[in-house]
file model-v9.pdb (PDB, C-alpha atoms)
MODEL        1
ATOM      1  CA  MET A  27     152.966 113.408 146.625  1.00  0.00           C
ATOM      2  CA  SER A  28     149.449 112.532 145.552  1.00  0.00           C
ATOM      3  CA  ASP A  29     147.732 114.485 142.796  1.00  0.00           C
ATOM      4  CA  LYS A  30     144.328 113.973 144.455  1.00  0.00           C
ATOM      5  CA  LYS A  31     142.701 117.031 145.993  1.00  0.00           C
ATOM      6  CA  LEU A  32     139.528 117.379 147.961  1.00  0.00           C
ATOM      7  CA  ASP A  33     136.907 119.766 146.686  1.00  0.00           C
ATOM      8  CA  ALA A  34     136.488 121.532 150.036  1.00  0.00           C
ATOM      9  CA  PRO A  35     133.388 123.584 149.097  1.00  0.00           C
ATOM     10  CA  ALA A  36     131.648 120.432 147.795  1.00  0.00           C
ATOM     11  CA  PHE A  37     132.632 118.486 150.926  1.00  0.00           C
ATOM     12  CA  HIS A  38     131.273 121.201 153.244  1.00  0.00           C
ATOM     13  CA  ARG A  39     128.073 121.552 151.230  1.00  0.00           C
ATOM     14  CA  ARG A  40     127.439 117.798 151.229  1.00  0.00           C
ATOM     15  CA  ALA A  41     128.406 117.315 154.866  1.00  0.00           C
ATOM     16  CA  LYS A  42     126.041 120.132 155.853  1.00  0.00           C
ATOM     17  CA  ARG A  43     123.248 118.538 153.818  1.00  0.00           C
ATOM     18  CA  LEU A  44     123.820 115.195 155.561  1.00  0.00           C
ATOM     19  CA  MET A  45     124.001 116.782 159.021  1.00  0.00           C
ATOM     20  CA  ASP A  46     120.874 118.899 158.443  1.00  0.00           C
ATOM     21  CA  ALA A  47     118.849 115.903 157.250  1.00  0.00           C
ATOM     22  CA  TRP A  48     120.051 113.830 160.201  1.00  0.00           C
ATOM     23  CA  LYS A  49     119.259 116.560 162.755  1.00  0.00           C
ATOM     24  CA  ALA A  50     115.749 116.897 161.306  1.00  0.00           C
ATOM     25  CA  GLU A  51     115.000 113.341 162.435  1.00  0.00           C
ATOM     26  CA  SER A  52     113.706 113.710 165.988  1.00  0.00           C
ATOM     27  CA  ASP A  53     114.055 109.993 166.762  1.00  0.00           C
ATOM     28  CA  GLY A  54     117.442 109.588 165.095  1.00  0.00           C
ATOM     29  CA  PRO A  55     120.639 108.286 166.707  1.00  0.00           C
ATOM     30  CA  ASP A  56     123.057 110.485 168.661  1.00  0.00           C
ATOM     31  CA  SER A  57     125.967 109.618 166.384  1.00  0.00           C
ATOM     32  CA  LEU A  58     126.756 107.944 163.069  1.00  0.00           C
ATOM     33  CA  LEU A  59     129.830 105.774 162.556  1.00  0.00           C
ATOM     34  CA  VAL A  60     131.097 104.791 159.099  1.00  0.00           C
ATOM     35  CA  ILE A  61     133.991 102.321 159.058  1.00  0.00           C
ATOM     36  CA  HIS A  62     135.802 101.417 155.852  1.00  0.00           C
ATOM     37  CA  GLY A  63     138.478  98.749 155.791  1.00  0.00           C
ATOM     38  CA  LYS A  64     139.975  96.855 152.914  1.00  0.00           C
ATOM     39  CA  THR A  65     137.443  95.577 150.394  1.00  0.00           C
ATOM     40  CA  ALA A  66     137.577  93.554 147.218  1.00  0.00           C
ATOM     41  CA  PRO A  67     138.076  95.760 144.143  1.00  0.00           C
ATOM     42  CA  ASP A  68     134.698  94.841 142.647  1.00  0.00           C
ATOM     43  CA  VAL A  69     132.660  95.606 145.783  1.00  0.00           C
ATOM     44  CA  TYR A  70     130.446  98.694 145.830  1.00  0.00           C
ATOM     45  CA  ASN A  71     128.649  99.312 149.086  1.00  0.00           C
ATOM     46  CA  LYS A  72     127.102 102.106 151.136  1.00  0.00           C
ATOM     47  CA  THR A  73     130.389 102.919 152.862  1.00  0.00           C
ATOM     48  CA  ILE A  74     132.149 103.473 149.548  1.00  0.00           C
ATOM     49  CA  ALA A  75     129.142 105.448 148.299  1.00  0.00           C
ATOM     50  CA  ILE A  76     129.322 107.887 151.243  1.00  0.00           C
ATOM     51  CA  HIS A  77     133.077 108.327 150.671  1.00  0.00           C
ATOM     52  CA  LEU A  78     132.598 109.043 146.978  1.00  0.00           C
ATOM     53  CA  TRP A  79     129.747 111.455 147.675  1.00  0.00           C
ATOM     54  CA  LEU A  80     131.531 113.373 150.458  1.00  0.00           C
ATOM     55  CA  PHE A  81     135.136 113.338 149.228  1.00  0.00           C
ATOM     56  CA  GLY A  82     135.036 112.525 145.528  1.00  0.00           C
ATOM     57  CA  TYR A  83     137.047 109.353 146.015  1.00  0.00           C
ATOM     58  CA  GLU A  84     137.428 106.445 148.412  1.00  0.00           C
ATOM     59  CA  PHE A  85     139.663 106.509 151.494  1.00  0.00           C
ATOM     60  CA  SER A  86     140.519 102.974 152.557  1.00  0.00           C
ATOM     61  CA  ASP A  87     141.065 102.187 156.240  1.00  0.00           C
ATOM     62  CA  THR A  88     139.048 105.182 157.403  1.00  0.00           C
ATOM     63  CA  ILE A  89     136.661 105.891 160.260  1.00  0.00           C
ATOM     64  CA  LEU A  90     134.096 108.697 160.003  1.00  0.00           C
ATOM     65  CA  LEU A  91     132.304 109.637 163.222  1.00  0.00           C
ATOM     66  CA  PHE A  92     129.432 112.074 162.882  1.00  0.00           C
ATOM     67  CA  THR A  93     128.129 113.691 166.055  1.00  0.00           C
ATOM     68  CA  LYS A  94     125.404 116.329 166.199  1.00  0.00           C
ATOM     69  CA  ASP A  95     127.965 119.164 166.046  1.00  0.00           C
ATOM     70  CA  LYS A  96     131.209 117.693 164.618  1.00  0.00           C
ATOM     71  CA  ILE A  97     132.659 115.251 162.125  1.00  0.00           C
ATOM     72  CA  HIS A  98     135.748 113.287 163.182  1.00  0.00           C
ATOM     73  CA  ILE A  99     137.807 111.632 160.446  1.00  0.00           C
ATOM     74  CA  THR A 100     140.625 109.158 161.080  1.00  0.00           C
ATOM     75  CA  THR A 101     142.458 107.580 158.174  1.00  0.00           C
ATOM     76  CA  GLN A 102     145.714 105.804 157.517  1.00  0.00           C
ATOM     77  CA  ARG A 103     148.825 107.867 157.115  1.00  0.00           C
ATOM     78  CA  LYS A 104     149.625 107.030 153.493  1.00  0.00           C
ATOM     79  CA  LYS A 105     146.383 108.580 152.171  1.00  0.00           C
TER      80      LYS A 105
ENDMDL
END

call {"tool": "encode", "arguments": {"input": "model-v9.pdb", "output": "structure tokens"}}
result
Amino acid sequence: MSDKKLDAPAFHRRAKRLMDAWKAESDGPDSLLVIHGKTAPDVYNKTIAIHLWLFGYEFSDTILLFTKDKIHITTQRKK
């Protein structure tokens, strides 16, 4: 069993901040899709940054779909 735990209050606070900022944009897209596959260990990109900011660590092989009223998260089983 993994010793990693999500900070649920921090996740909800940050997700709400992201969703509120996105909804404030009148010409913004209807959805946001963040896909994270396998990357080289020395790569730091926007996808990893959003994972670290929302969750506190990186989920590899993960899809985040943000719609105006929900967040859908799909990740590999071993995480």

call {"tool": "residues_near_point", "arguments": {"input": "model-v9.pdb", "point": "(141.6, 105.4, 151.9)", "cutoff": "12 Å", "atoms": "all atoms listed in the file", "output": "PDB file with C-alpha atoms, in the coordinates of the input"}}
result
ATOM      1  CA  LYS A  30     144.328 113.973 144.455  1.00  0.00           C
ATOM      2  CA  ILE A  61     133.991 102.321 159.058  1.00  0.00           C
ATOM      3  CA  HIS A  62     135.802 101.417 155.852  1.00  0.00           C
ATOM      4  CA  GLY A  63     138.478  98.749 155.791  1.00  0.00           C
ATOM      5  CA  LYS A  64     139.975  96.855 152.914  1.00  0.00           C
ATOM      6  CA  THR A  65     137.443  95.577 150.394  1.00  0.00           C
ATOM      7  CA  THR A  73     130.389 102.919 152.862  1.00  0.00           C
ATOM      8  CA  ILE A  74     132.149 103.473 149.548  1.00  0.00           C
ATOM      9  CA  HIS A  77     133.077 108.327 150.671  1.00  0.00           C
ATOM     10  CA  LEU A  78     132.598 109.043 146.978  1.00  0.00           C
ATOM     11  CA  PHE A  81     135.136 113.338 149.228  1.00  0.00           C
ATOM     12  CA  GLY A  82     135.036 112.525 145.528  1.00  0.00           C
ATOM     13  CA  TYR A  83     137.047 109.353 146.015  1.00  0.00           C
ATOM     14  CA  GLU A  84     137.428 106.445 148.412  1.00  0.00           C
ATOM     15  CA  PHE A  85     139.663 106.509 151.494  1.00  0.00           C
ATOM     16  CA  SER A  86     140.519 102.974 152.557  1.00  0.00           C
ATOM     17  CA  ASP A  87     141.065 102.187 156.240  1.00  0.00           C
ATOM     18  CA  THR A  88     139.048 105.182 157.403  1.00  0.00           C
ATOM     19  CA  ILE A  89     136.661 105.891 160.260  1.00  0.00           C
ATOM     20  CA  LEU A  90     134.096 108.697 160.003  1.00  0.00           C
ATOM     21  CA  ILE A  99     137.807 111.632 160.446  1.00  0.00           C
ATOM     22  CA  THR A 100     140.625 109.158 161.080  1.00  0.00           C
ATOM     23  CA  THR A 101     142.458 107.580 158.174  1.00  0.00           C
ATOM     24  CA  GLN A 102     145.714 105.804 157.517  1.00  0.00           C
ATOM     25  CA  ARG A 103     148.825 107.867 157.115  1.00  0.00           C
ATOM     26  CA  LYS A 104     149.625 107.030 153.493  1.00  0.00           C
ATOM     27  CA  LYS A 105     146.383 108.580 152.171  1.00  0.00           C
TER      28      LYS A 105
END

call {"tool": "residues_around", "arguments": {"input": "model-v9.pdb", "residues": "Lys49 of chain A", "least_positions_apart": "5", "cutoff": "12 Å", "atoms": "all atoms listed in the file", "output": "PyMOL selection string"}}
result
chain A and resi 42-44+54-58+92-95

call {"tool": "write_last_selection", "arguments": {"input": "model-v9.pdb", "atoms": "C-alpha atoms", "output": "short mmCIF file (atom, residue, chain, number, x, y, z; two decimals), keeping the file's coordinate frame"}}
result
data_model
loop_
_atom_site.label_atom_id
_atom_site.label_comp_id
_atom_site.auth_asym_id
_atom_site.auth_seq_id
_atom_site.Cartn_x
_atom_site.Cartn_y
_atom_site.Cartn_z
CA LYS A 42 126.04 120.13 155.85
CA ARG A 43 123.25 118.54 153.82
CA LEU A 44 123.82 115.20 155.56
CA GLY A 54 117.44 109.59 165.10
CA PRO A 55 120.64 108.29 166.71
CA ASP A 56 123.06 110.48 168.66
CA SER A 57 125.97 109.62 166.38
CA LEU A 58 126.76 107.94 163.07
CA PHE A 92 129.43 112.07 162.88
CA THR A 93 128.13 113.69 166.06
CA LYS A 94 125.40 116.33 166.20
CA ASP A 95 127.96 119.16 166.05
#

call {"tool": "atom_distance", "arguments": {"input": "model-v9.pdb", "atom1": "atom CA of Ser52 of chain A", "atom2": "atom CA of Ala34 of chain A"}}
result
28.9 Å

call {"tool": "atom_distance", "arguments": {"input": "model-v9.pdb", "atom1": "atom CA of Pro35 of chain A", "atom2": "atom CA of Ile76 of chain A"}}
result
16.4 Å
